[in-house]
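Only one structure is covered here, and it is reproduced in the block below.
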Number of protein chains: 4
Amino acid sequence: MINIGIVGGTGYTGVELLRLLAQHPQAHVEVITSRSETGIRVVDMYPNLRGHYDDLCFSVPDTDALGRCDVVFFATPHGVAHEMAAQLLATGTRLIDLSADFRLRDADEWARWYGQPHGAPELLDQAVYGLPEVNREAIRGARLIAVPGCYPTAAQLGLLPLLEAGLADNDRIIADCKSGVSGAGRGANVGSLFCESTENMKAYAVGGHRHLPEIRQGLQAAAGMPVGLTFVPHLTPMIRGIHATLHATVKDHSVDLQSLFENRYCNEPFVDVMPAGSHPETRSVRGANVCRIAVHRPQGGDQVVVLSVIDNLVKGASGQAVQNMNIAFGLDETMGLSHPALMP
Amino acid sequence: MINIGIVGGTGYTGVELLRLLAQHPQAHVEVITSRSETGIRVVDMYPNLRGHYDDLCFSVPDTDALGRCDVVFFATPHGVAHEMAAQLLATGTRLIDLSADFRLRDADEWARWYGQPHGAPELLDQAVYGLPEVNREAIRGARLIAVPGCYPTAAQLGLLPLLEAGLADNDRIIADCKSGVSGAGRGANVGSLFCESTENMKAYAVGGHRHLPEIRQGLQAAAGMPVGLTFVPHLTPMIRGIHATLHATVKDHSVDLQSLFENRYCNEPFVDVMPAGSHPETRSVRGANVCRIAVHRPQGGDQVVVLSVIDNLVKGASGQAVQNMNIAFGLDETMGLSHPALMP
Amino acid sequence: MINIGIVGGTGYTGVELLRLLAQHPQAHVEVITSRSETGIRVVDMYPNLRGHYDDLCFSVPDTDALGRCDVVFFATPHGVAHEMAAQLLATGTRLIDLSADFRLRDADEWARWYGQPHGAPELLDQAVYGLPEVNREAIRGARLIAVPGCYPTAAQLGLLPLLEAGLADNDRIIADCKSGVSGAGRGANVGSLFCESTENMKAYAVGGHRHLPEIRQGLQAAAGMPVGLTFVPHLTPMIRGIHATLHATVKDHSVDLQSLFENRYCNEPFVDVMPAGSHPETRSVRGANVCRIAVHRPQGGDQVVVLSVIDNLVKGASGQAVQNMNIAFGLDETMGLSHPALMP
Amino acid sequence: MINIGIVGGTGYTGVELLRLLAQHPQAHVEVITSRSETGIRVVDMYPNLRGHYDDLCFSVPDTDALGRCDVVFFATPHGVAHEMAAQLLATGTRLIDLSADFRLRDADEWARWYGQPHGAPELLDQAVYGLPEVNREAIRGARLIAVPGCYPTAAQLGLLPLLEAGLADNDRIIADCKSGVSGAGRGANVGSLFCESTENMKAYAVGGHRHLPEIRQGLQAAAGMPVGLTFVPHLTPMIRGIHATLHATVKDHSVDLQSLFENRYCNEPFVDVMPAGSHPETRSVRGANVCRIAVHRPQGGDQVVVLSVIDNLVKGASGQAVQNMNIAFGLDETMGLSHPALMP
């Protein structure tokens, strides 16, 4: 049994972690912290968990209590993991950080995009970017895992086969991405109100979104060269789901893209390359730790359109975090993560 | 391992059965039938099940193949189970019918409400109404189980404690119920279109809905006398969920209703009486086999308001069907049904 | 041309007033106030109004500027109109208050339900409850109009014919009401977030909602006697719309309820009694100043079910406010209010 | 007063035409046809129109009755206008066709994309493509107007300034477009069911959508040369709205794109170029005949992102049809079309 601590468990990635861990045969949540909800029972805040965590209460973050856990998940805004990571790592526990704190390799770039200095640059060397489809081996021994962002997961998984194979024009990659509203978190912002976001579609942050450097970093590693990326996120009136529509120009017309994708992911338990001509729907992964991908070359031209869908709270956050835990602890990678999506 | 057949697996209760059975450690789906989709792979129709039933195809209903199963679920429109039940029961298999065919004890009443003669009145004697919270013992040995309707499950579970205790004015019970759109099924009707049902609330069938006699039958059995019931169903713009708002007049002001409800359901694994003052939300049971209930007496008067919520596709259909299977086969009643609801 | 001031124009009733007044041939909005948004252009906050109010900016509330208007609308939280009304009335302008400040005739009851002393009890004598279908004559000369709440409008219009005719058992009136989320306003509350309220149905404030005394006051005036009212509001996942499902017991079986309702409202431009057997949908009044009503007596019993729908922001707030203005200023009552609902 | 006939008035563009014409001071709907609903009152099918068209019934299409109208709108599936156009034009009436029948200049290309021969190639010479922002003069005298499709309206208005100015790399234009479900019409298809399309995002027809040749035709006319266009439509869980996200590479970095767009549309009553840095929302045009546009150059690079939103049923169909009628009949172009969008 793995004893688990969760820092900042009141947001959507926190409750999703709890939901997934409730079904995990080797997981036991020992501690969950929240400054604002200290003393409140988890099930009073999240009645869907009644019967599962009836005795668990939110507590003040405490390094000793967290340090006694085998692993600590951070489901916090950026900056918190920076502050607590060194002290916790010193206790010998492992950290799986769902925030953006350790995703970028370059502390200066992090500082530019997040508008504050990087709080723990000395830990970047040991931080592993937790995209199992790329870094599985490094994750096995890792003590500090940075779980990828939601857009970056969908976009990288959709583009990696093309870039690794050197097929795309790397100067002009376009990621036109659509996200459900849960990606904006549980904060009480006017823009996330039902009446402001239902029956509506809009782009946002077209001038520059914080997931842009993260996606670009992954693509450049795959391509082995600089990549020119345009990233346009959109807010879609649904709770869960990311639909990444990825546009690239291919240089070689003779390649069988369907086989390329199928071969790349044939051993991946959580990447599903759909049959040629498919249009994956976000609802087909709702609640499940799966990325479904389809690749198109409309009218046989040199423009490729890759469609990549995930549940932003599962494969885009808490499910991928559990997948990382499974790998890091030597468990079956799919443990606790094999239930089908909820549809309809 | 229980070998399972499903008749009529293309609708929402069918795919939900498949989802639940995929997580059930003792279930193996052997046969699934559909006249219209014969030969089609299940996962091509329901991509959320990719990786779970990759080899399963819809087949023409065949009594021999079904008869070799340990249990056959009917997820069909009414009338189909009438037609096939006798022959299947003769093979020795058990039937769990999610349709309305065997819910009413009285064949004439059935004929009146469904506008056609009852097709198998001779089987009514052995049919057990599969509401475990009332009929658990009878379900254990049953060979023909009629799974309750969605509205009837929510309404009965919310009203039983009052009526069994003889506390309500049985002349005037009001069930003002709100259902998600999946209750209307997967048929291509204009009224179920997105553009016709989203951003909209309406009552329907106020003059008389087929679930009225079913609810009344259950309430009368609990009360031991005739019950005057007004049932008003409403269509609500959400996929899943039933919210039953139940109005009754209580005769005895001194009764502690909270304790009455808690005691009634203290041993029930799938009925959750919430703390006094609660307002259960349908999303707190989304995808889960739970009925959550709260009981109110506004301003301390003699009007009682019971709030009862279920997921119409789970505790209101397929989950309750699996619960019945577990009981009928002597398994742990909660097997495969203990995952938390998906929220948000 | 009527010069108009609006106090507190940043909420949903404020922007809806602006939308309706943009189409009103005799309306000119001169001043709109907001402490928090002072100096901001209205169209920068509400881009749907671009091209209509391009020069209008939010300003600090100023009695002189407001006093120069022919009429001042309050689209504010409760308490604000209490504070400013006396001073504004002294300037000779008229007030149309969309808040709850002057709806209840009894200052003590107001204080009990709103948890603070009534701020202007001396003005209650001149305040007119602005339900034109009841108080049209009083509205004509009124200088201080209290626009009814959204639930109270739907519930009263649905019940008035029964109660005025003395047909109902006044001890047991049940108003089971469903509202869209815009009724909760534009405040940034977690409960109003998209991810908290979509795909969900819940009751709230079953123990006692502030609209209860307002509805009861109106019903008692119609009945000429005390009324026992149970009011259960529900939150429905849609932006606009109230669906009131009203339950009453009738004493006289011989009355033709359809005719009763049709006769009661035959001269009302904004109350539409639908044909017998109808189920009015909230979307049929989306954006329109109409209340649609249908009356049912299920299975010919003594329980009556009245279905009454409005758009909470129009006939339940800003549209009704404009209707009051039209009456008070001697204009055609339907001026600027005759556009059809937006459907789908 | 203009006497109007509508062929095929039961779909969403039909009811939207009726809604808009009800507010038009010079419009009188004389005839509305529907084979399937003959004899049915319009208001019984569309209760939102009660009080507006109480005497209007659907009738069998009749050339004489339609020919007596000043103008006949076709709100029909493709092929119907082909069949009836010649005969109707012979009566002297004008035709405004909302279907795709006369949008493409090339009858062969039409046949390829629509899978049937063009039914009236001899009329193509007199057909005018009814995009007023391009063809206003031709529309004035036109007798046969082809109202543009919804995607084509949003995409062309967003791209025209770039292509007319010769600024874009015409080989690689990407239109990544998102549509509400009403674009799929009121037909009873499983894919348009609430439970199939809410809480979901998907691309469709990536291999080739019928609006592709229409968009390309307009872009090529603007560019004066061939254009390489990738068009990816997506289905978004909302009723109304198209959000076109348009990607192009610009060759000249020095051009002030904001001014280019503002100058292009400064005299257009229904195109709103928003301030630099804006993200137009589809809800800001809900129910209104407006296209709102914003132009971005992320991180100052050579990729341009244009965001263009319309209501697919208004500026993308029925509103644009009325705008064409106003122009063709010499009325004020904005007559009956100047109401603000419904928000929230």
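Identifiers in the structure tokens: chain A, B, ... in order shown; residue index from 1 per chain; ligand index from 1 in order shown.
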| field | Interface list for chain D, partner chain A, 6 Å threshold, only C-alpha atoms, as a ChimeraX atom specification | value | /D:199-203,207,238,279,281-283,298
| alpha helix (DSSP H) per DSSP on the backbone: members of range 4-162 of chain A, as an MDAnalysis selection string | chainID A and resid 12:22 42:45 63:67 80:90 107:114 132:141 150:162
Restrict the selected residues to C-alpha atoms and save them as a PDB file, in the first residue's frame.
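And here is the file that came out, part_8.pdb:
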ATOM      1  CA  TYR A  12     -10.731  20.067  -9.535  1.00  0.00           C
ATOM      2  CA  THR A  13      -7.454  18.179  -9.961  1.00  0.00           C
ATOM      3  CA  GLY A  14      -7.546  17.425  -6.245  1.00  0.00           C
ATOM      4  CA  VAL A  15     -11.017  15.921  -6.199  1.00  0.00           C
ATOM      5  CA  GLU A  16     -10.202  14.039  -9.387  1.00  0.00           C
ATOM      6  CA  LEU A  17      -7.113  12.552  -7.746  1.00  0.00           C
ATOM      7  CA  LEU A  18      -9.299  11.420  -4.861  1.00  0.00           C
ATOM      8  CA  ARG A  19     -11.804   9.869  -7.242  1.00  0.00           C
ATOM      9  CA  LEU A  20      -9.105   7.949  -9.096  1.00  0.00           C
ATOM     10  CA  LEU A  21      -7.251   6.878  -5.974  1.00  0.00           C
ATOM     11  CA  ALA A  22     -10.481   5.554  -4.453  1.00  0.00           C
ATOM     12  CA  VAL A  42     -13.553  16.057   2.353  1.00  0.00           C
ATOM     13  CA  VAL A  43     -16.962  14.506   1.787  1.00  0.00           C
ATOM     14  CA  ASP A  44     -18.741  17.639   2.982  1.00  0.00           C
ATOM     15  CA  MET A  45     -17.066  19.555   0.210  1.00  0.00           C
ATOM     16  CA  THR A  63       6.020  18.934   6.313  1.00  0.00           C
ATOM     17  CA  ASP A  64       6.328  16.205   8.920  1.00  0.00           C
ATOM     18  CA  ALA A  65       2.988  14.636   8.167  1.00  0.00           C
ATOM     19  CA  LEU A  66       3.540  14.926   4.430  1.00  0.00           C
ATOM     20  CA  GLY A  67       7.090  13.669   4.731  1.00  0.00           C
ATOM     21  CA  VAL A  80       3.563  26.399  -3.958  1.00  0.00           C
ATOM     22  CA  ALA A  81       5.619  23.401  -5.001  1.00  0.00           C
ATOM     23  CA  HIS A  82       8.619  25.671  -5.465  1.00  0.00           C
ATOM     24  CA  GLU A  83       8.321  26.650  -1.845  1.00  0.00           C
ATOM     25  CA  MET A  84       7.833  23.221  -0.294  1.00  0.00           C
ATOM     26  CA  ALA A  85       9.688  20.844  -2.587  1.00  0.00           C
ATOM     27  CA  ALA A  86      13.220  20.971  -1.188  1.00  0.00           C
ATOM     28  CA  GLN A  87      12.120  20.413   2.373  1.00  0.00           C
ATOM     29  CA  LEU A  88       9.850  17.529   1.404  1.00  0.00           C
ATOM     30  CA  LEU A  89      12.408  15.843  -0.813  1.00  0.00           C
ATOM     31  CA  ALA A  90      14.772  15.945   2.136  1.00  0.00           C
ATOM     32  CA  ALA A 107      14.258  28.799 -15.022  1.00  0.00           C
ATOM     33  CA  ASP A 108      14.497  32.107 -16.858  1.00  0.00           C
ATOM     34  CA  GLU A 109      11.851  31.177 -19.371  1.00  0.00           C
ATOM     35  CA  TRP A 110       9.664  30.053 -16.468  1.00  0.00           C
ATOM     36  CA  ALA A 111      10.152  33.412 -14.803  1.00  0.00           C
ATOM     37  CA  ARG A 112       9.218  35.283 -17.978  1.00  0.00           C
ATOM     38  CA  TRP A 113       5.965  33.407 -18.536  1.00  0.00           C
ATOM     39  CA  TYR A 114       4.851  33.225 -14.922  1.00  0.00           C
ATOM     40  CA  PRO A 132       5.355   8.536 -19.920  1.00  0.00           C
ATOM     41  CA  GLU A 133       5.158   8.164 -23.675  1.00  0.00           C
ATOM     42  CA  VAL A 134       8.453  10.050 -23.867  1.00  0.00           C
ATOM     43  CA  ASN A 135      10.134   9.735 -20.486  1.00  0.00           C
ATOM     44  CA  ARG A 136       9.069   6.393 -19.073  1.00  0.00           C
ATOM     45  CA  GLU A 137      12.538   5.277 -18.094  1.00  0.00           C
ATOM     46  CA  ALA A 138      13.411   8.510 -16.349  1.00  0.00           C
ATOM     47  CA  ILE A 139      10.135   8.419 -14.445  1.00  0.00           C
ATOM     48  CA  ARG A 140      10.962   5.018 -12.947  1.00  0.00           C
ATOM     49  CA  GLY A 141      13.659   6.350 -10.690  1.00  0.00           C
ATOM     50  CA  CYS A 150      -3.428  19.543 -20.231  1.00  0.00           C
ATOM     51  CA  TYR A 151      -2.924  21.324 -23.554  1.00  0.00           C
ATOM     52  CA  PRO A 152       0.717  20.152 -23.701  1.00  0.00           C
ATOM     53  CA  THR A 153      -0.307  16.531 -23.239  1.00  0.00           C
ATOM     54  CA  ALA A 154      -2.852  16.590 -26.048  1.00  0.00           C
ATOM     55  CA  ALA A 155      -0.680  18.631 -28.375  1.00  0.00           C
ATOM     56  CA  GLN A 156       2.574  16.710 -27.856  1.00  0.00           C
ATOM     57  CA  LEU A 157       1.012  13.269 -28.157  1.00  0.00           C
ATOM     58  CA  GLY A 158      -0.622  14.381 -31.396  1.00  0.00           C
ATOM     59  CA  LEU A 159       2.529  15.866 -32.914  1.00  0.00           C
ATOM     60  CA  LEU A 160       5.345  13.666 -31.633  1.00  0.00           C
ATOM     61  CA  PRO A 161       5.178  11.016 -34.365  1.00  0.00           C
ATOM     62  CA  LEU A 162       5.493  13.663 -37.079  1.00  0.00           C
TER      63      LEU A 162
END
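Here the question is which of A:Gln323, A:Asn289, A:Ser338, A:Gln26 gets nearest to Ile2 in chain A using only C-alpha atoms, and that residue is A:Gln26.
Residue nearest Leu163 in chain A within the list A:His118, A:Arg94, A:Arg105, A:Lys251: A:Lys251 [criterion: smallest interatomic distance, only C-alpha atoms].
For Ala188 in chain C, the residues within 12 Å (counting only C-alpha atoms, excluding itself and residues fewer than 3 positions away along the chain) are Arg186, Gly187, Ala188, Asn189, Val190, Gly191, Ser192, Leu193, Phe194, Cys195 and Glu196 of chain A; Gly11, Ser182, Ala184, Gly185, Gly191, Ser192, Leu193 and Phe194 of chain C.
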| field | range 97-167 of chain B: residues DSSP assigns to strand (DSSP E or B), reported as a PyMOL selection string | value | chain B and resi 97+127-129+144-146
Those same residues - C-alpha atoms - I'd like them written as a PDB file, in the first residue's frame.
ATOM      1  CA  ASP B  97     -35.338  -7.047 -17.702  1.00  0.00           C
ATOM      2  CA  ALA B 127     -41.462 -11.930 -11.836  1.00  0.00           C
ATOM      3  CA  VAL B 128     -39.777 -10.103  -8.975  1.00  0.00           C
ATOM      4  CA  TYR B 129     -39.732  -6.318  -8.838  1.00  0.00           C
ATOM      5  CA  LEU B 144     -37.116 -13.199 -13.788  1.00  0.00           C
ATOM      6  CA  ILE B 145     -36.338  -9.767 -12.413  1.00  0.00           C
ATOM      7  CA  ALA B 146     -38.068  -6.565 -13.462  1.00  0.00           C
TER       8      ALA B 146
END
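Taking CA of Gly183 in chain B and CA of Asn312 in chain B as endpoints, the distance between them is 6.7 Å.
Restricting the calculation to only C-alpha atoms, the smallest distance between Ala221 in chain C and any of C:Gly166, C:Gly119, C:Leu257, C:Leu337 is found for C:Gly166.
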| message | Report as JSON, numbers by chain all protein, DNA and RNA residues lying within 7 Å of Pro340 in chain A, evaluated on only C-alpha atoms, omitting residues in the same chain fewer than 6 positions from it. | response | {"A": [288], "B": [19, 48, 49]}
| note | Students should find that CA of Val314 in chain A and CA of Cys291 in chain A are spaced 9.8 Å
| remark: Ala341 in chain C proximity check over C:Met274, C:Ile310, C:Thr76, C:Ala120, using only C-alpha atoms: winner is C:Ile310
| message | Env of Thr38 in chain D: 12 Å cut, atoms = only C-alpha atoms, seq-sep filter 4 positions within chain, self excluded. Answer as a ChimeraX atom specification. | response | /D:7-10,31-34,42,45,56-62
